[in-house]
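Peer 1: Provided herewith is a single structure, encoded as structure tokens, for subsequent inquiry.
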Amino acid sequence: MLQSKLFYKTKKLAPKEATAISHKLLYRGDFIDQLGSGIYSFLPLGWMVHQNISNIIRQEMSALGGQEVFLPAMHPRSVWQKSDRWDKMKPPLFKLKDSHKKDFALGSTHEEVISQLASSRVASYKDLPFALFQIQSKFRNEIRYTGGLLRTREFIMKDLYSFHADQADFEKYYEKVAKAYFKIFKRCGLKVLRVKASGEGFTNDFTDEFQAITPIGEDSIIYCEKCGFAKNKEIFEYNDGDKCPECKSLLKKERGIEVGNIFPLGDKYSKSFDLKFKDELGKEKFVIMASYGIGVGRLISTIVEVHNDDKGIIWPKEVAPFLVHIVPVEINDNKVEKTAKKLYDNGQEKIKRVIYDDRRNVSTGEKFAESDLLGIPFKIIISKKTLEKDSVEIEQRDGKKSQLIKIKDAMNFNFYV
RNA sequence: CGGGGCAUAGUGCAAUGGCAGCACGAGUCUUUUGGGAAGAUUUAAUCCCAGUUCGAGUCUGGGUGCCCCGACCA
């Protein structure tokens, strides 16, 4: 990507309404644009990050045998009445009418739609198990929207639904998904805790939340660093400094952002949608279901909340909009520009996610400042000075010191180690 | 939904009821290029509707929008 062609406009200051660090930085870097309270556009930079995360999720979902689908956002009233959530959903559904005055809802989740879909395709134990997922827009009529992308009324969520013949199979798969979730969050540069919480609305059972620990978090979590015991405040009966009931070391209380959630659904939706199958003995049984969500936008803000400094964002390598930023110091110097172009062409071929600051009449300080704000993990800096040594400089955004390396070595540099 | 706050140029801030200004940004030209450069020049704003007043950005009423705390959620 040529920086002169990129649709973006960085800002030195954030609007005073923005209080969350992630909101400020995503705004200043022009990753997102606000259309209304809790309504955001993703601009090219923001969408690149979004896509990178979606792709990580896709890979891990496919590894679980999940098959990708795309379900509608607009749902007829009847579907939600079958599960009795048309009026009971919390937060409430966004409801609208068509030109025939028929009622519709904008989907806030897809248990209903997917159960109905599955019910006409599952007949025998031979059809089970299976898992479907999508990365799609959800609409939630929240009471309040906060912190930029942290809670919005429209957001893109990855939702996976699994269907099982019995409890044992469900439990095995549930744990597999939990592992995959840890992997996804790790690739996104986040340390998360798996936290037990109450499963209101979805199930009477406990559910598992995945909480990223950061001070801006909306949830309080009590947890044990040693054995991993963790509970959400709403159900915990312990306090900071108490002894862990499982391993007796001291419990800590922290704030967290819920970046993912997995729900055992049992036969709740199978019953509503008559989702049954015949087992080996010909006996009819309800399918055991579970659903698993990750909010991509919230994940993006959480990453920024955790990875930033006074200069801007510090993206983890896999989610960064670009991995490498090529910055010529004196672009008006022929040799500097030629070398920069050569490295850019090479980078496009080998790394793909590379951006070249080809702008003239922009001071070096501004180029560096902008690169830091955008959080690009590596800069390749080319100047007359480095060229005297037939070299370029590679600088890492996360503060590790920079190194001078020969141009031909820069062409084959491994940025992922 | 309860409580609190805010609304002036693209952004951040000013303006006793009396000529709407500053900085950054953006445009043009020149000079610059190792950490958000310099000069010259141009550009752009009082959220909406009423009311009070000789006169409203400022006062009053209503509306709308946005932010924060609580509650809930990915």
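Chain labels follow the order of the structure tokens: the first chain is A, the next B, and so on; residue numbering restarts at 1 in every chain, and ligands are counted from 1 in their shown order.
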As a PyMOL selection string, which residues of range 58-264 of chain A does DSSP assign to strand (DSSP E)?

Peer 2: chain A and resi 67-68+74-76+94-97+103-106+130-139+154-164+192-198+206-213+219-223+230-232+252-264

Peer 1: Those selected residues, please, written with C-alpha atoms and delivered as a PDB file, in the first residue's frame.

Peer 2:
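Contents of part_13.pdb, as written:
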```
ATOM      1  CA  GLN A  67     -18.354 -24.794   8.894  1.00  0.00           C
ATOM      2  CA  GLU A  68     -18.963 -21.181   7.986  1.00  0.00           C
ATOM      3  CA  MET A  74     -33.503  -9.681   9.885  1.00  0.00           C
ATOM      4  CA  HIS A  75     -35.741 -12.249  11.540  1.00  0.00           C
ATOM      5  CA  PRO A  76     -39.498 -12.751  11.335  1.00  0.00           C
ATOM      6  CA  PHE A  94     -34.681  -3.930  17.816  1.00  0.00           C
ATOM      7  CA  LYS A  95     -38.111  -4.383  16.274  1.00  0.00           C
ATOM      8  CA  LEU A  96     -39.484  -3.100  12.994  1.00  0.00           C
ATOM      9  CA  LYS A  97     -42.401  -3.599  10.640  1.00  0.00           C
ATOM     10  CA  ASP A 103     -43.164  -7.679  12.687  1.00  0.00           C
ATOM     11  CA  PHE A 104     -39.464  -8.322  12.371  1.00  0.00           C
ATOM     12  CA  ALA A 105     -36.494  -8.144  14.656  1.00  0.00           C
ATOM     13  CA  LEU A 106     -32.868  -7.406  13.968  1.00  0.00           C
ATOM     14  CA  PHE A 130     -21.732 -30.811  13.710  1.00  0.00           C
ATOM     15  CA  ALA A 131     -20.876 -27.163  14.253  1.00  0.00           C
ATOM     16  CA  LEU A 132     -21.726 -24.051  12.266  1.00  0.00           C
ATOM     17  CA  PHE A 133     -20.334 -20.576  12.682  1.00  0.00           C
ATOM     18  CA  GLN A 134     -20.649 -17.157  11.122  1.00  0.00           C
ATOM     19  CA  ILE A 135     -19.029 -13.746  11.370  1.00  0.00           C
ATOM     20  CA  GLN A 136     -21.963 -11.404  11.078  1.00  0.00           C
ATOM     21  CA  SER A 137     -23.649  -8.252  12.389  1.00  0.00           C
ATOM     22  CA  LYS A 138     -25.642  -8.301  15.590  1.00  0.00           C
ATOM     23  CA  PHE A 139     -27.986  -5.604  16.845  1.00  0.00           C
ATOM     24  CA  GLU A 154     -24.465  -2.866  15.953  1.00  0.00           C
ATOM     25  CA  PHE A 155     -21.388  -5.053  16.045  1.00  0.00           C
ATOM     26  CA  ILE A 156     -19.851  -7.967  14.270  1.00  0.00           C
ATOM     27  CA  MET A 157     -19.731 -11.170  16.192  1.00  0.00           C
ATOM     28  CA  LYS A 158     -18.374 -14.595  15.502  1.00  0.00           C
ATOM     29  CA  ASP A 159     -21.001 -17.020  16.703  1.00  0.00           C
ATOM     30  CA  LEU A 160     -20.470 -20.751  16.673  1.00  0.00           C
ATOM     31  CA  TYR A 161     -23.221 -23.273  17.417  1.00  0.00           C
ATOM     32  CA  SER A 162     -22.588 -26.921  18.106  1.00  0.00           C
ATOM     33  CA  PHE A 163     -25.066 -29.807  18.002  1.00  0.00           C
ATOM     34  CA  HIS A 164     -24.585 -33.072  19.853  1.00  0.00           C
ATOM     35  CA  VAL A 192      -7.514 -13.996  29.203  1.00  0.00           C
ATOM     36  CA  LEU A 193      -9.093 -15.726  32.137  1.00  0.00           C
ATOM     37  CA  ARG A 194     -11.820 -18.285  31.799  1.00  0.00           C
ATOM     38  CA  VAL A 195     -14.391 -17.132  34.307  1.00  0.00           C
ATOM     39  CA  LYS A 196     -17.535 -18.807  35.577  1.00  0.00           C
ATOM     40  CA  ALA A 197     -20.602 -16.587  35.367  1.00  0.00           C
ATOM     41  CA  SER A 198     -24.332 -16.915  35.594  1.00  0.00           C
ATOM     42  CA  PHE A 206     -23.222 -21.484  34.618  1.00  0.00           C
ATOM     43  CA  THR A 207     -21.501 -20.197  31.510  1.00  0.00           C
ATOM     44  CA  ASP A 208     -17.876 -19.483  30.794  1.00  0.00           C
ATOM     45  CA  GLU A 209     -16.718 -15.976  30.069  1.00  0.00           C
ATOM     46  CA  PHE A 210     -13.339 -15.095  28.639  1.00  0.00           C
ATOM     47  CA  GLN A 211     -12.120 -11.982  30.378  1.00  0.00           C
ATOM     48  CA  ALA A 212      -9.159  -9.854  29.379  1.00  0.00           C
ATOM     49  CA  ILE A 213      -7.738  -8.173  32.462  1.00  0.00           C
ATOM     50  CA  ASP A 219     -16.638  -6.623  35.036  1.00  0.00           C
ATOM     51  CA  SER A 220     -15.079  -7.506  38.354  1.00  0.00           C
ATOM     52  CA  ILE A 221     -13.383 -10.830  38.508  1.00  0.00           C
ATOM     53  CA  ILE A 222     -11.962 -12.713  41.401  1.00  0.00           C
ATOM     54  CA  TYR A 223      -9.254 -15.146  40.413  1.00  0.00           C
ATOM     55  CA  ALA A 230     -11.901 -17.529  38.483  1.00  0.00           C
ATOM     56  CA  LYS A 231     -15.399 -16.216  39.058  1.00  0.00           C
ATOM     57  CA  ASN A 232     -17.353 -13.205  37.873  1.00  0.00           C
ATOM     58  CA  LYS A 252      -6.929 -11.403  43.388  1.00  0.00           C
ATOM     59  CA  LYS A 253      -9.663  -9.057  42.290  1.00  0.00           C
ATOM     60  CA  GLU A 254      -9.325  -7.326  38.911  1.00  0.00           C
ATOM     61  CA  ARG A 255     -11.408  -5.647  36.286  1.00  0.00           C
ATOM     62  CA  GLY A 256     -11.898  -7.366  32.980  1.00  0.00           C
ATOM     63  CA  ILE A 257     -13.467  -6.968  29.558  1.00  0.00           C
ATOM     64  CA  GLU A 258     -15.559  -9.871  28.405  1.00  0.00           C
ATOM     65  CA  VAL A 259     -14.194 -10.674  24.969  1.00  0.00           C
ATOM     66  CA  GLY A 260     -15.836 -14.032  24.541  1.00  0.00           C
ATOM     67  CA  ASN A 261     -18.475 -16.250  26.053  1.00  0.00           C
ATOM     68  CA  ILE A 262     -19.448 -19.866  25.733  1.00  0.00           C
ATOM     69  CA  PHE A 263     -22.864 -21.198  26.730  1.00  0.00           C
ATOM     70  CA  PRO A 264     -24.081 -24.705  27.342  1.00  0.00           C
TER      71      PRO A 264
END
```

Peer 1: Could I get the residues of chain A with an atom no further than 8 Å from an atom of chain B, each paired with its nearest atom pair and that distance in Å to one decimal, using only C-alpha atoms (C1' of nucleotides), sorted by chain and residue number, as JSON lines?

Peer 2:
```
{"residue": "A:Lys11", "atom": "CA", "partner": "B:U11", "partner_atom": "C1'", "distance": 7.4}
{"residue": "A:Lys12", "atom": "CA", "partner": "B:G36", "partner_atom": "C1'", "distance": 7.6}
{"residue": "A:Leu13", "atom": "CA", "partner": "B:U11", "partner_atom": "C1'", "distance": 6.6}
{"residue": "A:Ala14", "atom": "CA", "partner": "B:U11", "partner_atom": "C1'", "distance": 7.4}
{"residue": "A:Pro15", "atom": "CA", "partner": "B:U11", "partner_atom": "C1'", "distance": 6.9}
{"residue": "A:Glu17", "atom": "CA", "partner": "B:C67", "partner_atom": "C1'", "distance": 5.0}
{"residue": "A:Ala18", "atom": "CA", "partner": "B:C67", "partner_atom": "C1'", "distance": 7.6}
{"residue": "A:Ser37", "atom": "CA", "partner": "B:C66", "partner_atom": "C1'", "distance": 7.1}
{"residue": "A:Lys90", "atom": "CA", "partner": "B:C72", "partner_atom": "C1'", "distance": 7.5}
{"residue": "A:Pro91", "atom": "CA", "partner": "B:C72", "partner_atom": "C1'", "distance": 6.8}
{"residue": "A:Glu142", "atom": "CA", "partner": "B:C72", "partner_atom": "C1'", "distance": 7.6}
{"residue": "A:Ile143", "atom": "CA", "partner": "B:C1", "partner_atom": "C1'", "distance": 7.4}
{"residue": "A:Met157", "atom": "CA", "partner": "B:A74", "partner_atom": "C1'", "distance": 6.9}
{"residue": "A:Glu258", "atom": "CA", "partner": "B:A74", "partner_atom": "C1'", "distance": 6.9}
{"residue": "A:Val259", "atom": "CA", "partner": "B:A74", "partner_atom": "C1'", "distance": 6.0}
{"residue": "A:Gly260", "atom": "CA", "partner": "B:A74", "partner_atom": "C1'", "distance": 6.0}
{"residue": "A:Asn261", "atom": "CA", "partner": "B:A74", "partner_atom": "C1'", "distance": 7.2}
{"residue": "A:Gly293", "atom": "CA", "partner": "B:A74", "partner_atom": "C1'", "distance": 6.4}
{"residue": "A:Ile294", "atom": "CA", "partner": "B:A74", "partner_atom": "C1'", "distance": 5.5}
{"residue": "A:Gly295", "atom": "CA", "partner": "B:A74", "partner_atom": "C1'", "distance": 4.2}
{"residue": "A:Val296", "atom": "CA", "partner": "B:A74", "partner_atom": "C1'", "distance": 7.9}
{"residue": "A:Arg298", "atom": "CA", "partner": "B:A74", "partner_atom": "C1'", "distance": 7.0}
{"residue": "A:Val329", "atom": "CA", "partner": "B:U33", "partner_atom": "C1'", "distance": 6.4}
{"residue": "A:Glu330", "atom": "CA", "partner": "B:U33", "partner_atom": "C1'", "distance": 5.6}
{"residue": "A:Ile331", "atom": "CA", "partner": "B:U33", "partner_atom": "C1'", "distance": 7.9}
{"residue": "A:Asn361", "atom": "CA", "partner": "B:U33", "partner_atom": "C1'", "distance": 7.6}
{"residue": "A:Val362", "atom": "CA", "partner": "B:U33", "partner_atom": "C1'", "distance": 7.3}
{"residue": "A:Ser363", "atom": "CA", "partner": "B:U33", "partner_atom": "C1'", "distance": 5.0}
{"residue": "A:Thr364", "atom": "CA", "partner": "B:U33", "partner_atom": "C1'", "distance": 5.6}
{"residue": "A:Gly365", "atom": "CA", "partner": "B:G35", "partner_atom": "C1'", "distance": 4.1}
{"residue": "A:Glu366", "atom": "CA", "partner": "B:G36", "partner_atom": "C1'", "distance": 4.5}
{"residue": "A:Lys367", "atom": "CA", "partner": "B:G36", "partner_atom": "C1'", "distance": 8.0}
{"residue": "A:Phe368", "atom": "CA", "partner": "B:G35", "partner_atom": "C1'", "distance": 5.9}
{"residue": "A:Ala369", "atom": "CA", "partner": "B:G36", "partner_atom": "C1'", "distance": 5.8}
{"residue": "A:Glu370", "atom": "CA", "partner": "B:G36", "partner_atom": "C1'", "distance": 7.5}
```

Peer 1: Mind writing the picked residues with C-alpha atoms as a CSV table (one decimal), in the first residue's frame?

Peer 2:
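What follows is the written file selection.csv:
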```csv
chain,number,residue,atom,x,y,z
A,11,LYS,CA,-5.6,13.5,14.2
A,12,LYS,CA,-3.4,15.0,16.9
A,13,LEU,CA,-6.2,15.2,19.4
A,14,ALA,CA,-9.2,13.1,20.2
A,15,PRO,CA,-12.6,14.6,20.8
A,17,GLU,CA,-16.1,12.8,24.6
A,18,ALA,CA,-13.7,10.0,24.1
A,37,SER,CA,-24.0,6.7,19.7
A,90,LYS,CA,-32.3,-8.8,27.4
A,91,PRO,CA,-31.3,-6.3,26.1
A,142,GLU,CA,-28.7,-1.7,24.9
A,143,ILE,CA,-29.6,0.9,27.6
A,157,MET,CA,-19.7,-11.2,16.2
A,258,GLU,CA,-15.6,-9.9,28.4
A,259,VAL,CA,-14.2,-10.7,25.0
A,260,GLY,CA,-15.8,-14.0,24.5
A,261,ASN,CA,-18.5,-16.2,26.1
A,293,GLY,CA,-19.5,-15.9,20.8
A,294,ILE,CA,-16.7,-13.5,20.2
A,295,GLY,CA,-17.3,-9.8,19.6
A,296,VAL,CA,-14.7,-8.7,17.0
A,298,ARG,CA,-14.8,-5.3,21.3
A,329,VAL,CA,14.0,9.9,5.6
A,330,GLU,CA,15.1,12.0,2.7
A,331,ILE,CA,12.7,10.9,0.0
A,361,ASN,CA,6.9,17.4,1.8
A,362,VAL,CA,6.1,15.6,5.0
A,363,SER,CA,8.7,15.9,7.7
A,364,THR,CA,10.4,12.8,9.0
A,365,GLY,CA,9.2,13.6,12.5
A,366,GLU,CA,5.6,13.5,11.3
A,367,LYS,CA,6.2,10.3,9.4
A,368,PHE,CA,7.6,8.6,12.5
A,369,ALA,CA,4.9,10.0,14.8
A,370,GLU,CA,2.2,8.8,12.5
```

Peer 1: Let me make sure I understand: among A:Ile326, A:Leu128, A:Met89, A:Phe7, which one has the smallest atom-to-atom distance to Lys341 in chain A if we use only C-alpha atoms?

Peer 2: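 Once distances to Lys341 in chain A are computed over only C-alpha atoms, the minimum belongs to A:Ile326.
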
Peer 1: Neighbouring residues of A45 in chain B were defined as those with any atom within 12 Å, considering only C-alpha atoms (C1' of nucleotides); residues of the same chain fewer than 6 positions away were excluded. Please report them as a ChimeraX atom specification.

Peer 2: /B:8-10,20-21,57

Peer 1: Residues within 12 Å of G18 in chain B, please, as a PyMOL selection string. Count only C-alpha atoms (C1' of nucleotides); anything in the same chain fewer than 2 positions from it doesn't count.

Peer 2: chain B and resi 15-16+20+54-56+58

Peer 1: What gap, in Å, lies between CA of Met1 in chain A and CA of Lys317 in chain A?

Peer 2: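 Atom-to-atom, CA of Met1 in chain A to CA of Lys317 in chain A, that is 17.2 Å.
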
Peer 1: Which residues are near Ile300 in chain A? Cut-off 9 Å, only C-alpha atoms (C1' of nucleotides), ignore same chain within fewer than 4 positions. Put them as JSON, numbers by chain.

Peer 2: {"A": [22, 46, 49, 50, 53, 149, 150, 188, 295, 296, 304, 305, 319]}

Peer 1: Keeping only N, CA and C atoms, write those residues as a tab-separated table (two decimals), in the first residue's frame.

Peer 2:
```tsv
chain	number	residue	atom	x	y	z
A	22	SER	N	-8.61	3.24	24.11
A	22	SER	CA	-8.80	2.60	22.81
A	22	SER	C	-9.65	3.48	21.90
A	46	GLY	N	-9.03	0.27	10.03
A	46	GLY	CA	-9.78	-0.49	11.02
A	46	GLY	C	-10.30	-1.80	10.45
A	49	VAL	N	-7.62	-4.46	10.29
A	49	VAL	CA	-7.45	-5.12	11.59
A	49	VAL	C	-8.59	-6.11	11.82
A	50	HIS	N	-9.80	-5.65	11.52
A	50	HIS	CA	-10.99	-6.49	11.68
A	50	HIS	C	-10.85	-7.78	10.86
A	53	ILE	N	-8.31	-10.23	12.31
A	53	ILE	CA	-8.86	-10.96	13.45
A	53	ILE	C	-9.87	-12.01	12.98
A	149	LEU	N	-15.72	1.31	20.67
A	149	LEU	CA	-16.16	0.00	20.20
A	149	LEU	C	-16.46	-0.98	21.32
A	150	LEU	N	-16.30	-0.54	22.58
A	150	LEU	CA	-16.46	-1.51	23.67
A	150	LEU	C	-17.89	-2.03	23.78
A	188	CYS	N	-4.12	-12.82	19.35
A	188	CYS	CA	-4.49	-11.41	19.35
A	188	CYS	C	-3.73	-10.63	20.42
A	295	GLY	N	-17.00	-11.06	20.19
A	295	GLY	CA	-17.28	-9.78	19.56
A	295	GLY	C	-16.00	-9.20	18.98
A	296	VAL	N	-15.96	-9.07	17.66
A	296	VAL	CA	-14.70	-8.69	17.02
A	296	VAL	C	-14.33	-7.24	17.34
A	304	VAL	N	-6.28	-2.77	21.94
A	304	VAL	CA	-5.69	-1.43	22.04
A	304	VAL	C	-5.58	-0.98	23.50
A	305	GLU	N	-6.57	-1.34	24.30
A	305	GLU	CA	-6.51	-0.98	25.73
A	305	GLU	C	-5.25	-1.57	26.37
A	319	VAL	N	-2.40	-8.99	14.10
A	319	VAL	CA	-3.61	-8.20	13.87
A	319	VAL	C	-3.32	-6.82	13.27
```

Peer 1: I'd like the contact shell of Tyr145 in chain A - 6 Å cut-off, only C-alpha atoms (C1' of nucleotides), skipping same-chain residues fewer than 3 positions apart - returned as a list in words.

Peer 2: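 Residues meeting the cut-off are Gly38, Arg151 and Thr152 of chain A.
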
Peer 1: Can you work out the spacing between CA of Glu388 in chain A and CA of Asp333 in chain A in Å, to one decimal?

Peer 2: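 Computed distance, CA of Glu388 in chain A to CA of Asp333 in chain A, equals 13.0 Å.
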